[in-house]
Amino acid sequence: MSKLDSKIPEGSIEQKWTKYRSSIALVNPANKRSLEVLVVGSGLAGASAAATLAEAGYKVKVFCFQDSPRRAHSIAAQGGINAAKNYQNDGDSTYRLFYDTIKGGDYRAREANVHRLAEVSTSIIDQCVAQGVPLAREYGGLLSNRSFGGTQVQRTFYAAGQTGQQLLLGAYSALQRQVGSGNIELCHRHEMLDIVTIDGVTRGIIARNLITGEMEKHFGHAVLLCTGGYGNVFYLSTNAMGSNVTAAWKAHKKGAFFANPCYTQIHPTCIPVSGDHQSKLTLMSESLRNDGRIWVPKKKDDTRKATDIPEEERDYYLERRYPAFGNLVPRDVASRAAKERCDAGYGVGKSKMAVYLDFAFNTARYGKTEAIKQNIHNPSHEQIMTLGKAVVKEKYGNLFTMYEQITGENPYEVPMRIYPAVHYTMGGLWVDYNLMTTVKGLYALGEANFSDHGANRLGASALMQGLADGYFVIPYTLGVYLSAEVTRMSAEKDKSDSIDKLKTNHPAFETALKEQTDLINKFLNIKGTKSVESFHKRLGLIIWNKCGMARNKQGLLDAIAEIQALRKEFWSDVRVLGTADEFNPDLEKAGRVADFIELGELMCKDALNREESCGGHFREEHQTEEGEAKRDDVNFAYVAAWEYKGVSEWELNKEELKYENIKIAQRSYK
Amino acid sequence: MGSGHGQELNLTLKVWRQKNTKATGSFETHQLTGISVDMSFLEMFDVLNEKLISEGKEAIAFDHDCREGICGMCSMYINGRPHGPKQGVTTCQLHMRSFKTGDTIIVEPWRSGAFPVVKDLAVDRSAFDRIIASGGYISVNTGNAQDANNILIPKTDADEAFGAAACIGCGACVAACKNSSAMLFVSAKVSQLALLPQGQVERKERVLKMVAQMDEEGFGNCTNTGACEAECPKGISLENIARMNRELMGATFK
């Protein structure tokens with residue numbers, strides 16, 4: 001029998017969540033006060049969950065490695081958040097958002113979770129607006145929407161190119177409100193190093209105070225990992241420098257299955273790599289594809305300036321290949337198409353590994369509309385462009401400024417040069433419908449779990465999922481487990497050595513603490529010759545080249561061998577300076593890179609196992625004649641959930657995906 | 001290609017080193033050669049740290065995370081200016097093309113009693129979190145909201161609120177101010193919420209509590225020199241301070 005029970009409720013897809021939500025056992029307010037919940041991570045999922053649970057009366061502790069919970073990387077999300085409000089009256093509905101997400105994910109997501117996500121999407125917008133999040137508005141005072149990839153409706157809400165920032169600050173303010181009321185204890189500059197389990201049940205965590213180096217034990221009746229994705233396994237990604245997999249990975253090694261690690265999202269529109277010194281890549285929001293047209297020259301190795309290449313010598317390859325969706329195809333499709341053109345020799349810029357994202361056409365279009373609005377007759381081309389630029393600036397100003405800062409080029413005058421970069425990871429800890437991992441009492445929310453995006457996430461859906469999990473799912477589903485905890489606590493109340501009395505004095509905490517302390521000392525005692533950073537860079541290159549936008553069997557086998565060798569070298573030759581009892585960013589990074597190396601191996605193993613192409617996972621052996629991803633629904637319509645069995649050893653568990661409401665089909669955006 | 005693409009710089013860096021909050025710090029001098037003008041300022045620090053590690057010396061601690069100018073974590077005081085010589089950018093978005101070969105660059109942490117140095121260039125800004133916790137929010141529990149389009153907000157008000165809400169909480173305003181005043185930071189949040197209909201109910205209480213917490217944290221007074229606005233990487237306007245003063249008057253003299 002499968003070890004995986006997804007606990008999807010019975011009933012029709014439209015009724016599942018509503019009925020289930022109303023039948024979950026409740027925890028009475030007095031009992032909530034005696035239940036402690038540890039929330040690791042303070043991004044959209046973590047902050048919203050912590051605030052909501054504290055409002056409900058639970059005792060909550062929040063951990064973040066940054067100096068403030070407001071720094072979490074959700075802050076950098078640019079373009080927007082989807083919600084099936086149908087404010088534009090353009091045919092949107094819960095079903096359509098559900099359908100688009102399943103299709104966008106290339107039929108590798110769980111129907112019930114995705115439908116729930118679509119259902120609660122509308123409440124998220126209401127909640128955020130009530131908090132004072134200044135989302136973009138029309139002149140009449142109503143909320144404004146724009147389009148994102150993989151959809152033909154306008155359902156994306158936004159705040160210029162800073163939507164993630166505004167939503168996170170909303171959730172952060174709700175979190176700080178609870179901190180101010182004494183309902184949340186905030187542990188900033190703290191990094192979770194392990195979970196503590198007793199008889200297979202999560203009872204707390206070990207965390208390191210990053211300023212003093214002190215190792216701490218924290219007891220909790222439930223632990224929520226809201227720790228984001230693992231894109232930094234590639235070294236270069238659009239993730240923040242500190243984003244890491246450590247919390248999820250340590251949980252994995254303690255029994256939480258890791259699902260679909262090979263599903264990684266390579267975002268099509270990022271600023272290209274400019275040199276070896278580069279420490280990270282910067283995204284240019286997908287929203288730019290509303291008004292930017294993507295092209296390369298029709299001629300190979302064309303060295304003319306973009307503005308000197310006449311219209312008829314440009315290949316708008318997305319519009320050519322996908323007339324129905326054009327520049328707004330999903331990310332995986334757009335990325336592969338860019339790679340295809342560059343690999344074929346049509347790339348632009350010095351490295352030839354870039355394509356143009358051109359705003360001239362739509363700048364002119366906006367300019368003409370503005371001229372009409374302002375009653376300017378026979379405007380000159382210059383006037384039109386000036387008026388148009390003002391419109392473009394209002395929509396994307398901060399992105400254009402960022403582009404200019406990084407490249408030294410002015411995108412109002414010349415097209416942007418862009419290339420795909422690692423951006424998001426659809427894989428993550430396996431969770432059931434309640435968001436519980438395979439370890440009792442341990443939950444994963446937001447990007448840290450695997451559940452909603454299948455093999456490819458649609459734009460503006462990450463913010464939606466993070467906040468859905470935190471505001472509207474976990475506050476209900478946690479009750480399933482905690483109500484049982486209340487029963488257990490009451491049964492054990494006279495036991496002198498019950499976990500509720502012992503808490504962190506239970507010997508399991510001491511054992512876990514010692515393990516992690518030993519690990520830290522181990523890093524410091526290797527006293528090798530190579531920096532942590534250098535190992536991270538090398539790991540990233542292996543994964544990018546062999547488990548990136550295109551994968552094949554031989555490459556993956558090579559990568560696994562190379563990663564195993566890298567791991568050995570790391571543990572014998574890494575140089576970590578400083579001490580354990582001080583603020584030591586290099587030591588923090590050593591732990592994160594050690595975990596990335598192990599994860600990297602599993603990613604390649606998962607990619608090797610999945611003998612099909614789907615979404616972001618493209619196996620060169622499995623493609624259609626037109627070069628599109630070719631799925632194998634007979635053999636691979638399952639979630640690959642890996643169970644850790646020891647160094648380089650995993651056991652595959654499968655959760656079969658059943659499509660009862662959407663007909664599984666070849667994805668087409670033509 | 002960007003202007004000066006491919007050029008390399010030779011630089012002298014004078015960097016503040018301080019073991020921990022209690023230790024006495026001092027400047028340390030380093031020579032760097034062959035720094036590409038395409039590097040960001042923090043990538044230049046990555047190069048320096050790799051060099052230090054290869055020499056068996058401890059890397060310089062500094063705060064940074066998103067490197068996209070939005071998380072607000074990076075915080076270097078460069079040649080006497082928070083976030084360096086360019087206007088409207090954070091340290092992570094400052095690129096080496098803003099410097100010339102042969103330059104001496106002096107790098108310090110934010111200087112303010114309310115922001116104690118953690119180590120080297122990293123400081124503790126949790127005072128900002130406590131100010132937000134004192135009242136920088138709208139009290140609305142999850143699930144209590146009405147339909148978002150039931151609240152109509154004139155575009156100009158929404159835009160103005162957004163302008164204030166764009167603050168990244170980096171603390172450059174405090175570092176720039178001779179009095180270490182946090183008025184720009186606090187007023188940005190007070191303004192955002194005072195401009196929106198959702199923020200009206202708690203309007204008076206909010207400004208009183210936030211200002212009280214700001215004073216308790218030990219930030220200095222505002223003397224209207226405008227250094228904060230000039231150095232703010234997000235262009236948060238001094239008008240917010242004026243608005244907060246009006247809000248405070250309104251809340252104090254009922």
# chains A, B, ... in the order shown; residues from 1 in each chain; ligands from 1

$ interface_residues --of "chain A" --to "chain B" --cutoff "6 Å" --atoms "only C-alpha atoms" --output "VMD selection string"
chain A and resid 52 71 126 to 127 129 to 131 134 137 to 139 141 to 142 173 176 to 177 180 240 to 242 407 to 409 577

$ residues_around --residues "region 416-423 of chain A" --least-positions-apart "2" --cutoff "8 Å" --atoms "only C-alpha atoms" --output "ChimeraX atom specification"
/A:231,234,236-239,264-272,281,283,335,338-339,348-349,353-358,403,411,414,425

$ residues_around --residues "Leu587 (chain A)" --least-positions-apart "3" --cutoff "9 Å" --atoms "only C-alpha atoms" --output "number ranges by chain"
A: 520, 523-524, 532, 576-580, 583-584, 590-592

$ residues_around --residues "region 492-502 of chain A" --least-positions-apart "2" --cutoff "10 Å" --atoms "only C-alpha atoms" --output "short mmCIF file (atom, residue, chain, number, x, y, z; two decimals) with all heavy atoms, in the first residue's frame"
data_model
loop_
_atom_site.label_atom_id
_atom_site.label_comp_id
_atom_site.auth_asym_id
_atom_site.auth_seq_id
_atom_site.Cartn_x
_atom_site.Cartn_y
_atom_site.Cartn_z
N SER A 34 -3.27 27.13 24.93
CA SER A 34 -2.23 26.22 25.42
C SER A 34 -1.53 25.47 24.29
O SER A 34 -0.70 24.61 24.52
CB SER A 34 -2.82 25.24 26.43
OG SER A 34 -3.82 24.49 25.78
N LEU A 35 -1.88 25.81 23.04
CA LEU A 35 -1.25 25.14 21.90
C LEU A 35 -0.22 26.07 21.25
O LEU A 35 -0.53 27.23 20.94
CB LEU A 35 -2.30 24.74 20.86
CG LEU A 35 -3.21 23.59 21.29
CD1 LEU A 35 -4.39 23.47 20.34
CD2 LEU A 35 -2.46 22.27 21.36
N ILE A 198 9.55 13.09 18.18
CA ILE A 198 9.51 12.07 19.24
C ILE A 198 8.48 11.04 18.82
O ILE A 198 7.32 11.41 18.55
CB ILE A 198 9.14 12.72 20.60
CG1 ILE A 198 10.19 13.78 20.97
CG2 ILE A 198 9.05 11.65 21.69
CD1 ILE A 198 9.85 14.63 22.16
N ARG A 203 7.78 17.71 17.45
CA ARG A 203 7.59 18.36 18.76
C ARG A 203 8.34 19.67 18.88
O ARG A 203 8.31 20.30 19.93
CB ARG A 203 8.03 17.40 19.88
CG ARG A 203 7.17 16.15 20.02
CD ARG A 203 5.73 16.50 20.35
NE ARG A 203 4.88 15.32 20.42
CZ ARG A 203 3.56 15.37 20.36
NH1 ARG A 203 2.94 16.52 20.17
NH2 ARG A 203 2.84 14.27 20.43
N PHE A 219 9.96 24.28 21.64
CA PHE A 219 8.89 23.30 21.62
C PHE A 219 7.68 23.83 20.85
O PHE A 219 7.37 25.03 20.93
CB PHE A 219 8.47 22.98 23.06
CG PHE A 219 7.23 22.13 23.14
CD1 PHE A 219 7.33 20.75 23.01
CD2 PHE A 219 5.97 22.70 23.31
CE1 PHE A 219 6.17 19.96 23.06
CE2 PHE A 219 4.83 21.93 23.36
CZ PHE A 219 4.93 20.55 23.23
N GLY A 220 7.00 22.95 20.11
CA GLY A 220 5.76 23.36 19.45
C GLY A 220 4.86 22.17 19.25
O GLY A 220 5.34 21.06 19.00
N HIS A 221 3.53 22.39 19.32
CA HIS A 221 2.61 21.30 19.03
C HIS A 221 2.53 21.05 17.53
O HIS A 221 2.15 19.97 17.10
CB HIS A 221 1.22 21.62 19.58
CG HIS A 221 1.19 21.62 21.08
ND1 HIS A 221 1.43 22.76 21.81
CD2 HIS A 221 1.01 20.62 21.97
CE1 HIS A 221 1.36 22.47 23.09
NE2 HIS A 221 1.11 21.18 23.23
N VAL A 486 -5.32 18.05 21.48
CA VAL A 486 -6.02 18.44 22.70
C VAL A 486 -6.50 17.18 23.45
O VAL A 486 -6.34 17.06 24.67
CB VAL A 486 -7.22 19.37 22.39
CG1 VAL A 486 -8.09 19.60 23.62
CG2 VAL A 486 -6.73 20.69 21.82
N THR A 487 -7.04 16.24 22.66
CA THR A 487 -7.50 14.99 23.26
C THR A 487 -6.33 14.24 23.91
O THR A 487 -6.43 13.74 25.03
CB THR A 487 -8.14 14.09 22.17
OG1 THR A 487 -9.02 14.90 21.41
CG2 THR A 487 -8.88 12.92 22.77
N ARG A 488 -5.23 14.18 23.18
CA ARG A 488 -4.05 13.48 23.71
C ARG A 488 -3.55 14.16 24.99
O ARG A 488 -3.26 13.51 25.99
CB ARG A 488 -2.92 13.47 22.67
CG ARG A 488 -1.67 12.74 23.12
CD ARG A 488 -0.44 13.08 22.28
NE ARG A 488 -0.10 14.50 22.26
CZ ARG A 488 0.50 15.16 23.25
NH1 ARG A 488 0.82 14.53 24.36
NH2 ARG A 488 0.75 16.45 23.15
N MET A 489 -3.48 15.48 24.95
CA MET A 489 -2.98 16.22 26.11
C MET A 489 -3.85 15.94 27.33
O MET A 489 -3.34 15.78 28.45
CB MET A 489 -2.98 17.73 25.81
CG MET A 489 -1.85 18.15 24.89
SD MET A 489 -2.17 19.73 24.10
CE MET A 489 -1.83 20.87 25.43
N SER A 490 -5.11 15.90 27.09
CA SER A 490 -6.01 15.68 28.22
C SER A 490 -5.84 14.25 28.77
O SER A 490 -5.84 14.03 29.98
CB SER A 490 -7.44 15.99 27.76
OG SER A 490 -8.33 15.04 28.22
N THR A 504 10.95 21.12 26.11
CA THR A 504 12.32 21.01 25.57
C THR A 504 13.26 20.25 26.50
O THR A 504 14.43 20.05 26.16
CB THR A 504 12.92 22.40 25.28
OG1 THR A 504 12.90 23.15 26.48
CG2 THR A 504 12.14 23.12 24.20
N ASN A 505 12.76 19.84 27.67
CA ASN A 505 13.61 19.03 28.55
C ASN A 505 13.58 17.55 28.16
O ASN A 505 14.30 16.74 28.73
CB ASN A 505 13.16 19.15 30.01
CG ASN A 505 13.45 20.55 30.54
OD1 ASN A 505 14.47 21.13 30.19
ND2 ASN A 505 12.54 21.10 31.32
N HIS A 506 12.73 17.23 27.20
CA HIS A 506 12.72 15.85 26.71
C HIS A 506 14.08 15.54 26.09
O HIS A 506 14.65 16.37 25.37
CB HIS A 506 11.61 15.69 25.67
CG HIS A 506 11.36 14.26 25.29
ND1 HIS A 506 12.22 13.56 24.49
CD2 HIS A 506 10.37 13.39 25.63
CE1 HIS A 506 11.76 12.33 24.33
NE2 HIS A 506 10.63 12.20 25.02
N PRO A 507 14.63 14.35 26.34
CA PRO A 507 15.97 14.03 25.84
C PRO A 507 16.12 14.14 24.31
O PRO A 507 17.22 14.40 23.82
CB PRO A 507 16.20 12.58 26.29
CG PRO A 507 15.00 12.15 27.04
CD PRO A 507 14.10 13.30 27.25
#

$ select_by_dssp --residues "region 15-235 of chain B" --states "strand (DSSP E or B)" --output "PyMOL selection string"
chain B and resi 15-17+26-36+40+77-78+81-82+95+104-108+117-119+122-123+181+220

$ residues_around --residues "Val634 (chain A)" --least-positions-apart "4" --cutoff "12 Å" --atoms "only C-alpha atoms" --output "number ranges by chain"
A: 611-612, 638, 656-658, 664

$ closest_residue --among "B:Leu238, B:Met76, B:Val190, B:Leu13" --to "Thr225 (chain B)" --atoms "only C-alpha atoms"
B:Leu238

$ residues_around --residues "Lys670 (chain A)" --least-positions-apart "4" --cutoff "8 Å" --atoms "only C-alpha atoms" --output "count of residues only"
5

$ select_by_dssp --residues "region 387-518 of chain A" --states "helix (DSSP H, G or I)" --output "PyMOL selection string"
chain A and resi 387-407+446-448+462-491+499-505+507-518

$ atom_distance --atom1 "CA of Ile78 (chain B)" --atom2 "CA of Met96 (chain B)"
12.4 Å
